[in-house]
Amino acid sequence: IVTYNTIIDGLCKSKRLDKAWMIFETMNSMGVNPDACTYNVLVDSLCKAGKEDEALKLFEQTVEGRRTINPITFSALLNGFCRKGRADEAVRLHNLVLRTGHVPDHITYTTLIKGLCNIGKTDDALKLFKEMVQRGVSPDVVAYSVLLSGLCKASRVDEAVQLLNLMIEKGPVPDIVTYNILLDGFCKVQKVDQAMDLLKKLSELGLTADMCTYNTLLDGLFKSGKCTDAMNLYQELTTNGSQMDIITYRIVLSGLCERGDLDDAVKFFYSVVRKGYSPKSAICSTLLDKLCKAGKVDEAAKLYEEMQRRICVPT
RNA sequence: AAUCGGGUUUUGAGAGC
């Protein structure tokens with residue numbers, strides 16, 4: 001049975017689903033009964049192939065046939081539904097299974113909470129978070145962060161701050177990701193100043209800002225029109241030798257374009273390209289478009305050639 | 001363990017409706 005499971009899993013992982021199912025049939029006809037592990041693999045692979053409904057059917061069959069619910073199969077199934085934006089259905093399934101006394105672990109709860117947030121059902125996510133606590137499953141830093149992110153994305157930053165305070169008071173210790181989420185939340189509701197204040201407090205909290213922190217703030221500064229502040233921050237990062245990533249460059253480049261600083265944008269573009277990055281075609285196109293509209297068609301043409309050489313394809 | 005699984009930053013334009 002272990003051999004069969006290993007083979008089926010291997011086939012599923014290399015996307016040879018049809019072949020995997022053939023082996024499954026073979027094992028049945030040879031009188032080798034599939035076990036929980038076999039079904040875990042199959043349910044998961046159906047989900048990953050976008051066939052959640054078939055996965056659900058298979059899951060139901062195993063529940064009837066074996067009269068037990070395997071938590072791994074079930075969480076694979078819930079994952080599949082959540083990934084597809086079907087978190088509400090996942091929660092319905094979760095509620096059914098909950099009645100049989102199966103309480104999911106903190107990761108599965110987090111998956112569901114994130115799924116709900118992704119489809120904008122933030123209140124349901126909050127409810128589920130409370131249920132989780134009531135059921136004696138302690139939310140870890142990721143669970144809190146996911147919920148925090150959901151609140152921020154729904155522009156409910158005040159509630160996010162409350163949640164952070166709750167967390168500080170009697171939850172897991174927030175990490176840099178938690179704060180990055182909140183920083184982004186502030187930025188997105190045009191409270192960049194609050195975000196910058198929070199940045200200063202990070203070191204007091206014993207946390208080190210990472211590139212994601214700075215990217216968030218750079219973008220926030222640009223988008224709220226504080227281009228000078230943004231460029232100052234960028235300079236600061238350059239001089240202290242921070243390791244920029246492609247995302248930093250995209251933010252700065254589009255920030256410069258947005259401001260209409262085409263000369264700087266073009267200069268910046270070349271400096272990025274010299275570092276060996278190829279900016280996304282989207283940004284190349286923006287840059288070209290802005291240049292053309294500013295009447296600098298010649299420059300745009302030159303840039304276009306350069307872009308072609310660098311294998312980024314502006315459309 | 002032969003099997004699933006969770007968090008943060010960027011992502012263009014035009015046309016049409």
# chains A, B, ... in the order shown; residues from 1 in each chain; ligands from 1
>>> interface_residues(of="chain B", to="chain A", cutoff="6 Å", atoms="only C-alpha atoms (C1' of nucleotides)", output="NGL selection string")
:B and (2-4 or 6-10 or 12)
>>> select_by_dssp(residues="stretch 87-272 of chain A", states="helix (DSSP H, G or I)", output="ChimeraX atom specification")
/A:87-98,106-118,122-134,141-153,157-170,176-188,192-202,211-223,227-239,246-259,262-272
>>> atom_distance(atom1="atom CA of A:Gly260", atom2="atom CA of A:Thr238")
22.4 Å
>>> residues_around(residues="A:Glu89", least_positions_apart="5", cutoff="12 Å", atoms="only C-alpha atoms (C1' of nucleotides)", output="tab-separated table (two decimals) with all heavy atoms, in the first residue's frame")
chain	number	residue	atom	x	y	z
A	52	GLU	N	-12.64	20.98	-7.44
A	52	GLU	CA	-13.04	20.89	-6.03
A	52	GLU	C	-14.31	20.05	-5.86
A	52	GLU	O	-14.46	19.34	-4.87
A	52	GLU	CB	-13.33	22.26	-5.43
A	52	GLU	CG	-12.29	23.30	-5.64
A	52	GLU	CD	-12.48	24.01	-6.96
A	52	GLU	OE1	-13.50	24.65	-7.17
A	52	GLU	OE2	-11.57	23.88	-7.79
A	53	ASP	N	-15.22	20.18	-6.82
A	53	ASP	CA	-16.48	19.49	-6.65
A	53	ASP	C	-16.31	17.98	-6.70
A	53	ASP	O	-16.92	17.24	-5.93
A	53	ASP	CB	-17.49	19.96	-7.70
A	53	ASP	CG	-17.82	21.44	-7.49
A	53	ASP	OD1	-18.28	21.76	-6.37
A	53	ASP	OD2	-17.60	22.24	-8.39
A	56	LEU	N	-14.79	17.01	-3.48
A	56	LEU	CA	-15.81	16.95	-2.43
A	56	LEU	C	-16.57	15.64	-2.49
A	56	LEU	O	-16.81	15.00	-1.46
A	56	LEU	CB	-16.76	18.14	-2.58
A	56	LEU	CG	-17.95	18.17	-1.62
A	56	LEU	CD1	-17.50	18.16	-0.18
A	56	LEU	CD2	-18.83	19.40	-1.88
A	77	LEU	N	-9.23	19.66	1.23
A	77	LEU	CA	-10.48	20.05	0.56
A	77	LEU	C	-10.82	21.52	0.83
A	77	LEU	O	-11.14	22.29	-0.09
A	77	LEU	CB	-11.60	19.15	1.06
A	77	LEU	CG	-12.95	19.27	0.38
A	77	LEU	CD1	-12.86	18.81	-1.06
A	77	LEU	CD2	-14.00	18.47	1.13
A	78	LEU	N	-10.73	21.89	2.10
A	78	LEU	CA	-11.04	23.28	2.45
A	78	LEU	C	-10.08	24.24	1.76
A	78	LEU	O	-10.47	25.30	1.27
A	78	LEU	CB	-10.95	23.48	3.97
A	78	LEU	CG	-11.99	22.76	4.80
A	78	LEU	CD1	-11.86	23.13	6.27
A	78	LEU	CD2	-13.40	23.05	4.31
A	79	ASN	N	-8.83	23.84	1.72
A	79	ASN	CA	-7.84	24.64	1.01
A	79	ASN	C	-8.23	24.86	-0.43
A	79	ASN	O	-8.09	25.96	-0.96
A	79	ASN	CB	-6.51	23.90	1.02
A	79	ASN	CG	-5.60	24.47	2.05
A	79	ASN	OD1	-5.27	25.64	1.99
A	79	ASN	ND2	-5.23	23.66	3.01
A	80	GLY	N	-8.65	23.78	-1.07
A	80	GLY	CA	-9.05	23.86	-2.47
A	80	GLY	C	-10.17	24.86	-2.67
A	80	GLY	O	-10.12	25.69	-3.57
A	81	PHE	N	-11.16	24.79	-1.83
A	81	PHE	CA	-12.29	25.71	-1.95
A	81	PHE	C	-11.86	27.15	-1.70
A	81	PHE	O	-12.27	28.06	-2.40
A	81	PHE	CB	-13.44	25.30	-1.01
A	81	PHE	CG	-14.34	24.26	-1.61
A	81	PHE	CD1	-14.08	22.92	-1.46
A	81	PHE	CD2	-15.45	24.65	-2.35
A	81	PHE	CE1	-14.91	21.96	-2.04
A	81	PHE	CE2	-16.29	23.70	-2.93
A	81	PHE	CZ	-16.02	22.36	-2.77
A	82	CYS	N	-11.05	27.33	-0.68
A	82	CYS	CA	-10.63	28.71	-0.34
A	82	CYS	C	-9.80	29.32	-1.46
A	82	CYS	O	-9.97	30.48	-1.81
A	82	CYS	CB	-9.84	28.71	0.96
A	82	CYS	SG	-10.89	28.48	2.40
A	83	ARG	N	-8.92	28.51	-2.02
A	83	ARG	CA	-8.07	29.01	-3.10
A	83	ARG	C	-8.90	29.52	-4.27
A	83	ARG	O	-8.50	30.43	-4.98
A	83	ARG	CB	-7.14	27.90	-3.61
A	83	ARG	CG	-5.77	27.86	-2.99
A	83	ARG	CD	-4.82	27.05	-3.85
A	83	ARG	NE	-5.30	25.69	-4.07
A	83	ARG	CZ	-4.97	24.63	-3.31
A	83	ARG	NH1	-4.15	24.79	-2.31
A	83	ARG	NH2	-5.45	23.44	-3.56
A	84	LYS	N	-10.04	28.88	-4.50
A	84	LYS	CA	-10.87	29.22	-5.64
A	84	LYS	C	-11.87	30.32	-5.34
A	84	LYS	O	-12.78	30.59	-6.11
A	84	LYS	CB	-11.63	27.97	-6.09
A	84	LYS	CG	-10.86	27.06	-7.03
A	84	LYS	CD	-10.57	27.79	-8.34
A	84	LYS	CE	-10.39	26.86	-9.52
A	84	LYS	NZ	-11.54	26.03	-9.86
A	94	HIS	N	-17.13	23.22	6.87
A	94	HIS	CA	-16.49	23.25	8.18
A	94	HIS	C	-17.54	23.15	9.29
A	94	HIS	O	-17.37	22.41	10.25
A	94	HIS	CB	-15.68	24.53	8.31
A	94	HIS	CG	-15.47	25.01	9.70
A	94	HIS	ND1	-14.59	24.40	10.57
A	94	HIS	CD2	-16.04	26.03	10.40
A	94	HIS	CE1	-14.63	25.04	11.74
A	94	HIS	NE2	-15.49	26.01	11.66
A	95	ASN	N	-18.65	23.87	9.11
A	95	ASN	CA	-19.69	23.83	10.13
A	95	ASN	C	-20.32	22.45	10.26
A	95	ASN	O	-20.63	22.01	11.36
A	95	ASN	CB	-20.77	24.87	9.82
A	95	ASN	CG	-20.28	26.27	10.14
A	95	ASN	OD1	-19.45	26.46	11.04
A	95	ASN	ND2	-20.75	27.26	9.39
A	96	LEU	N	-20.49	21.79	9.11
A	96	LEU	CA	-21.04	20.43	9.15
A	96	LEU	C	-20.11	19.50	9.92
A	96	LEU	O	-20.54	18.73	10.77
A	96	LEU	CB	-21.21	19.90	7.72
A	96	LEU	CG	-22.35	20.49	6.91
A	96	LEU	CD1	-22.31	19.94	5.48
A	96	LEU	CD2	-23.69	20.16	7.57
A	112	LEU	N	-9.22	29.30	6.38
A	112	LEU	CA	-10.62	29.71	6.21
A	112	LEU	C	-10.78	31.21	6.40
A	112	LEU	O	-11.48	31.88	5.64
A	112	LEU	CB	-11.51	28.96	7.22
A	112	LEU	CG	-11.69	27.46	6.98
A	112	LEU	CD1	-12.38	26.81	8.17
A	112	LEU	CD2	-12.49	27.22	5.71
A	115	GLY	N	-9.46	32.95	3.43
A	115	GLY	CA	-10.38	32.74	2.33
A	115	GLY	C	-11.55	33.71	2.41
A	115	GLY	O	-11.95	34.31	1.41
A	116	LEU	N	-12.09	33.87	3.60
A	116	LEU	CA	-13.21	34.79	3.79
A	116	LEU	C	-12.79	36.23	3.53
A	116	LEU	O	-13.49	36.99	2.87
A	116	LEU	CB	-13.77	34.65	5.21
A	116	LEU	CG	-14.56	33.38	5.50
A	116	LEU	CD1	-14.85	33.24	6.98
A	116	LEU	CD2	-15.86	33.36	4.70
A	119	ILE	N	-12.63	37.17	-0.12
A	119	ILE	CA	-13.87	37.45	-0.85
A	119	ILE	C	-14.67	38.55	-0.17
A	119	ILE	O	-15.86	38.72	-0.41
A	119	ILE	CB	-14.72	36.17	-1.05
A	119	ILE	CG1	-15.05	35.53	0.29
A	119	ILE	CG2	-14.01	35.19	-1.95
A	119	ILE	CD1	-16.07	34.41	0.19
>>> decode(residues="stretch 5-16 of chain B", atoms="all heavy atoms", output="mmCIF file, in the first residue's frame")
data_model
loop_
_atom_site.group_PDB
_atom_site.id
_atom_site.type_symbol
_atom_site.label_atom_id
_atom_site.label_comp_id
_atom_site.auth_asym_id
_atom_site.auth_seq_id
_atom_site.Cartn_x
_atom_site.Cartn_y
_atom_site.Cartn_z
ATOM 1 P P G B 5 0.568 21.265 0.387
ATOM 2 O OP1 G B 5 0.853 21.912 -0.895
ATOM 3 O OP2 G B 5 1.638 20.578 1.139
ATOM 4 O "O5'" G B 5 -0.092 22.344 1.340
ATOM 5 C "C5'" G B 5 -1.254 23.026 0.888
ATOM 6 C "C4'" G B 5 -1.950 23.603 2.062
ATOM 7 O "O4'" G B 5 -2.253 22.579 3.029
ATOM 8 C "C3'" G B 5 -1.123 24.585 2.873
ATOM 9 O "O3'" G B 5 -1.081 25.815 2.186
ATOM 10 C "C2'" G B 5 -1.942 24.643 4.164
ATOM 11 O "O2'" G B 5 -3.072 25.449 3.992
ATOM 12 C "C1'" G B 5 -2.393 23.169 4.306
ATOM 13 N N9 G B 5 -1.574 22.454 5.275
ATOM 14 C C8 G B 5 -0.386 21.795 5.092
ATOM 15 N N7 G B 5 0.087 21.305 6.209
ATOM 16 C C5 G B 5 -0.848 21.674 7.161
ATOM 17 C C6 G B 5 -0.886 21.438 8.571
ATOM 18 O O6 G B 5 -0.062 20.837 9.264
ATOM 19 N N1 G B 5 -2.021 21.997 9.157
ATOM 20 C C2 G B 5 -2.997 22.681 8.482
ATOM 21 N N2 G B 5 -4.012 23.143 9.197
ATOM 22 N N3 G B 5 -2.971 22.908 7.178
ATOM 23 C C4 G B 5 -1.880 22.378 6.604
ATOM 24 P P G B 6 0.122 26.792 2.404
ATOM 25 O OP1 G B 6 0.289 27.567 1.183
ATOM 26 O OP2 G B 6 1.231 26.054 3.017
ATOM 27 O "O5'" G B 6 -0.536 27.741 3.480
ATOM 28 C "C5'" G B 6 -1.846 28.261 3.231
ATOM 29 C "C4'" G B 6 -2.190 29.245 4.274
ATOM 30 O "O4'" G B 6 -2.181 28.612 5.571
ATOM 31 C "C3'" G B 6 -1.210 30.402 4.444
ATOM 32 O "O3'" G B 6 -1.441 31.366 3.443
ATOM 33 C "C2'" G B 6 -1.590 30.906 5.833
ATOM 34 O "O2'" G B 6 -2.780 31.636 5.777
ATOM 35 C "C1'" G B 6 -1.867 29.571 6.556
ATOM 36 N N9 G B 6 -0.730 29.074 7.331
ATOM 37 C C8 G B 6 0.312 28.288 6.924
ATOM 38 N N7 G B 6 1.148 28.012 7.886
ATOM 39 C C5 G B 6 0.613 28.664 8.992
ATOM 40 C C6 G B 6 1.068 28.736 10.336
ATOM 41 O O6 G B 6 2.064 28.235 10.831
ATOM 42 N N1 G B 6 0.217 29.510 11.127
ATOM 43 C C2 G B 6 -0.927 30.123 10.681
ATOM 44 N N2 G B 6 -1.617 30.809 11.578
ATOM 45 N N3 G B 6 -1.362 30.055 9.437
ATOM 46 C C4 G B 6 -0.548 29.320 8.659
ATOM 47 P P G B 7 -0.282 32.218 2.891
ATOM 48 O OP1 G B 7 -0.714 32.861 1.640
ATOM 49 O OP2 G B 7 0.968 31.451 2.962
ATOM 50 O "O5'" G B 7 -0.230 33.330 3.993
ATOM 51 C "C5'" G B 7 -1.399 34.080 4.308
ATOM 52 C "C4'" G B 7 -1.037 35.249 5.130
ATOM 53 O "O4'" G B 7 -0.324 34.837 6.297
ATOM 54 C "C3'" G B 7 -0.085 36.239 4.473
ATOM 55 O "O3'" G B 7 -0.807 37.047 3.578
ATOM 56 C "C2'" G B 7 0.412 37.022 5.689
ATOM 57 O "O2'" G B 7 -0.526 37.974 6.085
ATOM 58 C "C1'" G B 7 0.465 35.919 6.762
ATOM 59 N N9 G B 7 1.810 35.430 7.048
ATOM 60 C C8 G B 7 2.567 34.508 6.386
ATOM 61 N N7 G B 7 3.723 34.294 6.943
ATOM 62 C C5 G B 7 3.723 35.136 8.049
ATOM 63 C C6 G B 7 4.712 35.357 9.051
ATOM 64 O O6 G B 7 5.810 34.838 9.168
ATOM 65 N N1 G B 7 4.293 36.301 9.992
ATOM 66 C C2 G B 7 3.092 36.948 9.959
ATOM 67 N N2 G B 7 2.869 37.804 10.931
ATOM 68 N N3 G B 7 2.165 36.740 9.041
ATOM 69 C C4 G B 7 2.551 35.836 8.120
ATOM 70 P P U B 8 -0.153 37.656 2.323
ATOM 71 O OP1 U B 8 -1.215 38.110 1.416
ATOM 72 O OP2 U B 8 0.902 36.758 1.856
ATOM 73 O "O5'" U B 8 0.529 38.928 2.944
ATOM 74 C "C5'" U B 8 -0.260 39.923 3.570
ATOM 75 C "C4'" U B 8 0.592 41.120 3.831
ATOM 76 O "O4'" U B 8 1.695 40.723 4.668
ATOM 77 C "C3'" U B 8 1.248 41.691 2.594
ATOM 78 O "O3'" U B 8 0.348 42.555 1.938
ATOM 79 C "C2'" U B 8 2.442 42.428 3.194
ATOM 80 O "O2'" U B 8 2.067 43.687 3.690
ATOM 81 C "C1'" U B 8 2.820 41.527 4.380
ATOM 82 N N1 U B 8 3.945 40.628 4.106
ATOM 83 C C2 U B 8 5.190 41.045 4.537
ATOM 84 O O2 U B 8 5.357 42.088 5.107
ATOM 85 N N3 U B 8 6.219 40.178 4.277
ATOM 86 C C4 U B 8 6.118 38.965 3.638
ATOM 87 O O4 U B 8 7.138 38.301 3.481
ATOM 88 C C5 U B 8 4.801 38.599 3.220
ATOM 89 C C6 U B 8 3.778 39.432 3.463
ATOM 90 P P U B 9 0.365 42.682 0.413
ATOM 91 O OP1 U B 9 -0.890 43.334 0.023
ATOM 92 O OP2 U B 9 0.780 41.400 -0.184
ATOM 93 O "O5'" U B 9 1.550 43.714 0.225
ATOM 94 C "C5'" U B 9 1.474 45.019 0.789
ATOM 95 C "C4'" U B 9 2.629 45.824 0.284
ATOM 96 O "O4'" U B 9 3.850 45.176 0.678
ATOM 97 C "C3'" U B 9 2.718 45.907 -1.226
ATOM 98 O "O3'" U B 9 1.890 46.942 -1.701
ATOM 99 C "C2'" U B 9 4.198 46.209 -1.427
ATOM 100 O "O2'" U B 9 4.489 47.575 -1.228
ATOM 101 C "C1'" U B 9 4.835 45.385 -0.304
ATOM 102 N N1 U B 9 5.328 44.078 -0.750
ATOM 103 C C2 U B 9 6.660 43.983 -1.116
ATOM 104 O O2 U B 9 7.411 44.931 -1.061
ATOM 105 N N3 U B 9 7.068 42.741 -1.525
ATOM 106 C C4 U B 9 6.290 41.607 -1.612
ATOM 107 O O4 U B 9 6.811 40.571 -2.004
ATOM 108 C C5 U B 9 4.926 41.789 -1.218
ATOM 109 C C6 U B 9 4.492 42.987 -0.815
ATOM 110 P P U B 10 0.924 46.700 -2.905
ATOM 111 O OP1 U B 10 -0.050 47.793 -2.854
ATOM 112 O OP2 U B 10 0.464 45.300 -2.963
ATOM 113 O "O5'" U B 10 1.887 46.949 -4.134
ATOM 114 C "C5'" U B 10 2.516 48.214 -4.285
ATOM 115 C "C4'" U B 10 3.346 48.220 -5.534
ATOM 116 O "O4'" U B 10 4.389 47.237 -5.395
ATOM 117 C "C3'" U B 10 2.604 47.802 -6.796
ATOM 118 O "O3'" U B 10 1.936 48.907 -7.365
ATOM 119 C "C2'" U B 10 3.744 47.323 -7.674
ATOM 120 O "O2'" U B 10 4.430 48.399 -8.263
ATOM 121 C "C1'" U B 10 4.650 46.647 -6.650
ATOM 122 N N1 U B 10 4.430 45.201 -6.541
ATOM 123 C C2 U B 10 5.025 44.403 -7.497
ATOM 124 O O2 U B 10 5.692 44.854 -8.397
ATOM 125 N N3 U B 10 4.806 43.060 -7.345
ATOM 126 C C4 U B 10 4.067 42.444 -6.363
ATOM 127 O O4 U B 10 3.961 41.232 -6.352
ATOM 128 C C5 U B 10 3.481 43.344 -5.409
ATOM 129 C C6 U B 10 3.680 44.652 -5.533
ATOM 130 P P U B 11 0.459 48.729 -7.840
ATOM 131 O OP1 U B 11 -0.032 50.072 -8.173
ATOM 132 O OP2 U B 11 -0.328 47.883 -6.912
ATOM 133 O "O5'" U B 11 0.637 47.901 -9.184
ATOM 134 C "C5'" U B 11 1.433 48.426 -10.234
ATOM 135 C "C4'" U B 11 1.661 47.343 -11.253
ATOM 136 O "O4'" U B 11 2.365 46.254 -10.625
ATOM 137 C "C3'" U B 11 0.371 46.704 -11.785
ATOM 138 O "O3'" U B 11 -0.078 47.428 -12.918
ATOM 139 C "C2'" U B 11 0.811 45.296 -12.160
ATOM 140 O "O2'" U B 11 1.298 45.238 -13.482
ATOM 141 C "C1'" U B 11 1.965 45.032 -11.191
ATOM 142 N N1 U B 11 1.588 44.115 -10.099
ATOM 143 C C2 U B 11 1.842 42.773 -10.298
ATOM 144 O O2 U B 11 2.353 42.335 -11.301
ATOM 145 N N3 U B 11 1.465 41.961 -9.250
ATOM 146 C C4 U B 11 0.878 42.344 -8.063
ATOM 147 O O4 U B 11 0.605 41.502 -7.234
ATOM 148 C C5 U B 11 0.658 43.761 -7.949
ATOM 149 C C6 U B 11 1.011 44.577 -8.941
ATOM 150 P P G B 12 -1.566 47.990 -12.921
ATOM 151 O OP1 G B 12 -1.922 48.640 -11.654
ATOM 152 O OP2 G B 12 -2.432 46.946 -13.465
ATOM 153 O "O5'" G B 12 -1.382 49.120 -13.998
ATOM 154 C "C5'" G B 12 -0.401 50.128 -13.794
ATOM 155 C "C4'" G B 12 0.187 50.533 -15.094
ATOM 156 O "O4'" G B 12 0.881 49.408 -15.703
ATOM 157 C "C3'" G B 12 -0.819 50.940 -16.171
ATOM 158 O "O3'" G B 12 -1.260 52.261 -15.985
ATOM 159 C "C2'" G B 12 0.003 50.769 -17.433
ATOM 160 O "O2'" G B 12 0.912 51.829 -17.602
ATOM 161 C "C1'" G B 12 0.764 49.485 -17.106
ATOM 162 N N9 G B 12 0.069 48.289 -17.576
ATOM 163 C C8 G B 12 -0.587 47.354 -16.818
ATOM 164 N N7 G B 12 -1.109 46.389 -17.526
ATOM 165 C C5 G B 12 -0.787 46.717 -18.831
ATOM 166 C C6 G B 12 -1.078 46.052 -20.047
ATOM 167 O O6 G B 12 -1.709 45.005 -20.206
ATOM 168 N N1 G B 12 -0.566 46.739 -21.144
ATOM 169 C C2 G B 12 0.135 47.901 -21.078
ATOM 170 N N2 G B 12 0.544 48.411 -22.226
ATOM 171 N N3 G B 12 0.419 48.533 -19.948
ATOM 172 C C4 G B 12 -0.061 47.896 -18.879
ATOM 173 P P A B 13 -2.768 52.593 -16.303
ATOM 174 O OP1 A B 13 -3.017 53.955 -15.799
ATOM 175 O OP2 A B 13 -3.637 51.477 -15.897
ATOM 176 O "O5'" A B 13 -2.698 52.648 -17.879
ATOM 177 C "C5'" A B 13 -1.844 53.608 -18.521
ATOM 178 C "C4'" A B 13 -1.750 53.315 -19.988
ATOM 179 O "O4'" A B 13 -1.258 51.965 -20.185
ATOM 180 C "C3'" A B 13 -3.074 53.323 -20.741
ATOM 181 O "O3'" A B 13 -3.473 54.637 -21.072
ATOM 182 C "C2'" A B 13 -2.713 52.500 -21.974
ATOM 183 O "O2'" A B 13 -1.933 53.258 -22.886
ATOM 184 C "C1'" A B 13 -1.833 51.415 -21.360
ATOM 185 N N9 A B 13 -2.609 50.229 -20.983
ATOM 186 C C8 A B 13 -3.073 49.870 -19.742
ATOM 187 N N7 A B 13 -3.732 48.736 -19.719
ATOM 188 C C5 A B 13 -3.698 48.325 -21.047
ATOM 189 C C6 A B 13 -4.226 47.196 -21.698
ATOM 190 N N6 A B 13 -4.908 46.239 -21.074
ATOM 191 N N1 A B 13 -4.026 47.086 -23.025
ATOM 192 C C2 A B 13 -3.339 48.055 -23.654
ATOM 193 N N3 A B 13 -2.793 49.168 -23.149
ATOM 194 C C4 A B 13 -3.006 49.244 -21.829
ATOM 195 P P G B 14 -5.036 54.950 -21.116
ATOM 196 O OP1 G B 14 -5.172 56.421 -21.110
ATOM 197 O OP2 G B 14 -5.729 54.148 -20.084
ATOM 198 O "O5'" G B 14 -5.433 54.399 -22.545
ATOM 199 C "C5'" G B 14 -4.766 54.894 -23.701
ATOM 200 C "C4'" G B 14 -5.052 54.001 -24.864
ATOM 201 O "O4'" G B 14 -4.537 52.671 -24.600
ATOM 202 C "C3'" G B 14 -6.543 53.761 -25.132
ATOM 203 O "O3'" G B 14 -7.119 54.812 -25.886
ATOM 204 C "C2'" G B 14 -6.511 52.442 -25.894
ATOM 205 O "O2'" G B 14 -6.116 52.640 -27.241
ATOM 206 C "C1'" G B 14 -5.411 51.695 -25.138
ATOM 207 N N9 G B 14 -5.954 50.899 -24.040
ATOM 208 C C8 G B 14 -5.993 51.213 -22.703
ATOM 209 N N7 G B 14 -6.546 50.295 -21.953
ATOM 210 C C5 G B 14 -6.900 49.309 -22.864
ATOM 211 C C6 G B 14 -7.535 48.041 -22.661
ATOM 212 O O6 G B 14 -7.922 47.553 -21.600
ATOM 213 N N1 G B 14 -7.702 47.356 -23.863
ATOM 214 C C2 G B 14 -7.317 47.818 -25.095
ATOM 215 N N2 G B 14 -7.575 47.011 -26.132
ATOM 216 N N3 G B 14 -6.719 48.973 -25.301
ATOM 217 C C4 G B 14 -6.539 49.658 -24.152
ATOM 218 P P A B 15 -8.602 55.266 -25.545
ATOM 219 O OP1 A B 15 -8.835 56.525 -26.280
ATOM 220 O OP2 A B 15 -8.850 55.213 -24.089
ATOM 221 O "O5'" A B 15 -9.428 54.091 -26.232
ATOM 222 C "C5'" A B 15 -9.242 53.815 -27.623
ATOM 223 C "C4'" A B 15 -9.908 52.521 -27.972
ATOM 224 O "O4'" A B 15 -9.239 51.434 -27.287
ATOM 225 C "C3'" A B 15 -11.364 52.400 -27.523
ATOM 226 O "O3'" A B 15 -12.249 53.030 -28.426
ATOM 227 C "C2'" A B 15 -11.537 50.889 -27.491
ATOM 228 O "O2'" A B 15 -11.705 50.359 -28.792
ATOM 229 C "C1'" A B 15 -10.187 50.444 -26.932
ATOM 230 N N9 A B 15 -10.219 50.334 -25.460
ATOM 231 C C8 A B 15 -9.830 51.261 -24.521
ATOM 232 N N7 A B 15 -9.986 50.870 -23.277
ATOM 233 C C5 A B 15 -10.519 49.597 -23.412
ATOM 234 C C6 A B 15 -10.920 48.638 -22.467
ATOM 235 N N6 A B 15 -10.837 48.816 -21.148
ATOM 236 N N1 A B 15 -11.425 47.470 -22.925
ATOM 237 C C2 A B 15 -11.514 47.288 -24.260
ATOM 238 N N3 A B 15 -11.167 48.111 -25.247
ATOM 239 C C4 A B 15 -10.680 49.254 -24.750
ATOM 240 P P G B 16 -13.547 53.785 -27.811
ATOM 241 O OP1 G B 16 -14.223 54.457 -28.942
ATOM 242 O OP2 G B 16 -13.177 54.556 -26.616
ATOM 243 O "O5'" G B 16 -14.433 52.551 -27.359
ATOM 244 C "C5'" G B 16 -14.989 51.671 -28.344
ATOM 245 C "C4'" G B 16 -15.578 50.473 -27.669
ATOM 246 O "O4'" G B 16 -14.557 49.832 -26.857
ATOM 247 C "C3'" G B 16 -16.688 50.764 -26.675
ATOM 248 O "O3'" G B 16 -17.937 50.972 -27.301
ATOM 249 C "C2'" G B 16 -16.661 49.507 -25.806
ATOM 250 O "O2'" G B 16 -17.287 48.427 -26.454
ATOM 251 C "C1'" G B 16 -15.151 49.247 -25.710
ATOM 252 N N9 G B 16 -14.578 49.876 -24.511
ATOM 253 C C8 G B 16 -13.948 51.097 -24.404
ATOM 254 N N7 G B 16 -13.558 51.358 -23.190
ATOM 255 C C5 G B 16 -13.960 50.259 -22.448
ATOM 256 C C6 G B 16 -13.825 49.977 -21.069
ATOM 257 O O6 G B 16 -13.289 50.665 -20.193
ATOM 258 N N1 G B 16 -14.377 48.745 -20.739
ATOM 259 C C2 G B 16 -14.997 47.900 -21.629
ATOM 260 N N2 G B 16 -15.469 46.758 -21.122
ATOM 261 N N3 G B 16 -15.127 48.140 -22.915
ATOM 262 C C4 G B 16 -14.590 49.332 -23.249
#
